[in-house]
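**Student:** There's a structure below that I have some questions on.
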Amino acid sequence: MRFNRREKEAFLKELASGRLSHAYIIEGAEGVGKFTFASFAANAILCSGERRPCGKCPDCVKFAAGSHPDLFVFAPEKDASQLTVNVVREIKKSIYLMPNEGAKKVYIIKDGQKMNVQAQNAMLKFFEEPPESAVLFILTDKREALLPTVISRGQIITLYPAANGDIAAWLAEKFPRKAKEEIDAAVRMCEGIPGKAVTLTEKRFSQIRADAEEYARAVFGREGFKLVSFFKLKRYDRAKAKDFLLMLFSLFSDVLRAKERTQTFTVLDPVQAAEYAKQTTERKITSLAERTLAAFEEIDGNANINLTLTSLGADICAIQ
């Protein structure tokens with residue numbers, strides 16, 4: 001229970017009391033550990049040991065192997081922008097049937113913010129007339145994307161960023177061959193999000209960082225043509241485009257910190273941050289950061305990747 005200890009302990013107390021809710025909405029930033037938390041809770045619900053989750057009973061063994069017959073996980077198909085009513089129909093096939101082995105069945109819906117209105121309205125039936133034998137977990141990084149009627153009928157559990165020390169220790173265990181400098185850099189940049197920290201330690205992310213630094217040199221060197229044509233050779237998919245924009249946003253934020261004479265940086269070293277800060281104004285670097293974040297939100301919202309990135313370059317050229 002390295003991350004979200006307090007929330008996990010609170011859930012275990014609720015489970016022990018016998019007063020489980022029929023539905024939970026797990027909210028938090030992407031990568032904060034929503035699915036890990038829901039899996040922990042599901043394991044505890046399905047566990048037949050004395051101290052749950054015990055990790056030793058037949059139910060825990062099946063759960064660890066991903067073969068427990070009373071666990072159901074639903075997620076959007078790759079690159080799908082929505083979870084449709086078809087997911088609800090799949091849930092309906094089994095939710096009113098008795099569990100296969102224990103007292104409960106557990107349903108986990110990933111990326112709940114992608115449920116369209118029809119799917120959410122169909123889901124309300126399970127919320128309003130919940131079977132005693134089922135518990136639902138809806139995971140979302142955008143609570144506002146859920147209908148008020150859905151939110152009001154589920155118990156909300158909010159997950160928060162983790163402490164840097166916990167993330168550093170976890171990364172050191174997960175990646176024993178990584179240099180301390182790499183782990184420290186990932187911790188500085190991840191903003192307390194374990195999933196983001198893992199991404200930052202992956203080999204491919206070093207290229208994203210190099211791309212962001214190259215792009216920044218073009219920004220501060222006023223290389224307008226390069227800013228507009230930069231992405232034509234990159235051919236980013238949606239995930240890489242989002243990673244790049246977050247990296248660029250962090251870089252611009254470092255420059256803004258240098259303008260404000262703050263000594264804490266995430267991407268740039270203090271010397272480079274100070275050098276860029278001399279070449280811009282606080283107003284301009286703030287506009288650059290805001291426009292980059294807007295581009296991220298557009299792509300996160302399923303906008304056309306190439307068009308969004310090309311427009312970003314043109315807009316950055318125009319920022320004075």
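Residues in the structure tokens are named by chain (A, B, ... in the order shown) and by number from 1 within that chain; ligands are numbered from 1 in the order shown.
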Using only C-alpha atoms, which residues sit within 12 Å of Val198 in chain A once same-chain residues fewer than 5 positions away are excluded, as a list in words?
**Tutor:**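 Once the adjacent positions are removed, what remains is Gly31, Val32, Gly33, Ile167, Ala168, Trp170, Leu171, Ala172, Glu173, Lys174, Phe175, Lys178, Glu182, Ile183, Asp184, Ala185, Ala186, Val187, Met189, Cys190, Gly192, Ile193, Lys203, Arg204 and Phe205 of chain A.
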**Student:** If DSSP is run on the backbone, what residues of range 23-241 of chain A are strand (DSSP E or B)? A reply as JSON, numbers by chain would be ideal.
**Tutor:** {"A": [23, 24, 25, 26, 27, 71, 72, 73, 74, 83, 105, 106, 107, 108, 109, 115, 134, 135, 136, 137, 138, 139, 140, 155, 156, 157, 158]}
**Student:** Which residues are near range 128-138 of chain A? Cut-off 6 Å, only C-alpha atoms, ignore same chain within fewer than 4 positions. Put them as an MDAnalysis selection string.
**Tutor:** chainID A and resid 22:25 104:109 112 124
**Student:** Show me, as a PyMOL selection string, the residues that have an atom within 12 Å of Leu139 in chain A when counting only C-alpha atoms, minus same-chain residues fewer than 3 positions from it.
**Tutor:** chain A and resi 23-39+73-75+107-115+136+142-143+145-146+151+154-159
**Student:** Between A:Asn86, A:Leu256, A:Asn121, A:Leu46, which is the closest to Val150 in chain A once you count only C-alpha atoms?
**Tutor:** A:Asn121
**Student:** Name the residues of range 33-117 of chain A that come out as helix (DSSP H, G or I) in a backbone DSSP run; write them as a PyMOL selection string.
**Tutor:** chain A and resi 34-46+58-65+85-95+112-114+117
**Student:** Choose the residue, out of A:Ala103, A:Val219, A:Leu248, A:Ile45, that has the smallest atom-to-atom separation from Ala318 in chain A; count only C-alpha atoms.
**Tutor:**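 Nearest to Ala318 in chain A: A:Val219.
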**Student:** Which distance in Å separates CA of Ala258 in chain A and CA of Gly165 in chain A, to one decimal?
**Tutor:**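 Computed distance, CA of Ala258 in chain A to CA of Gly165 in chain A, equals 24.9 Å.
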**Student:** For Leu307 in chain A, which residue out of A:Phe72, A:Phe231, A:Phe252, A:Tyr215 is the nearest one, using only C-alpha atoms?
**Tutor:**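 Distance minimum relative to Leu307 in chain A lands on A:Phe231.
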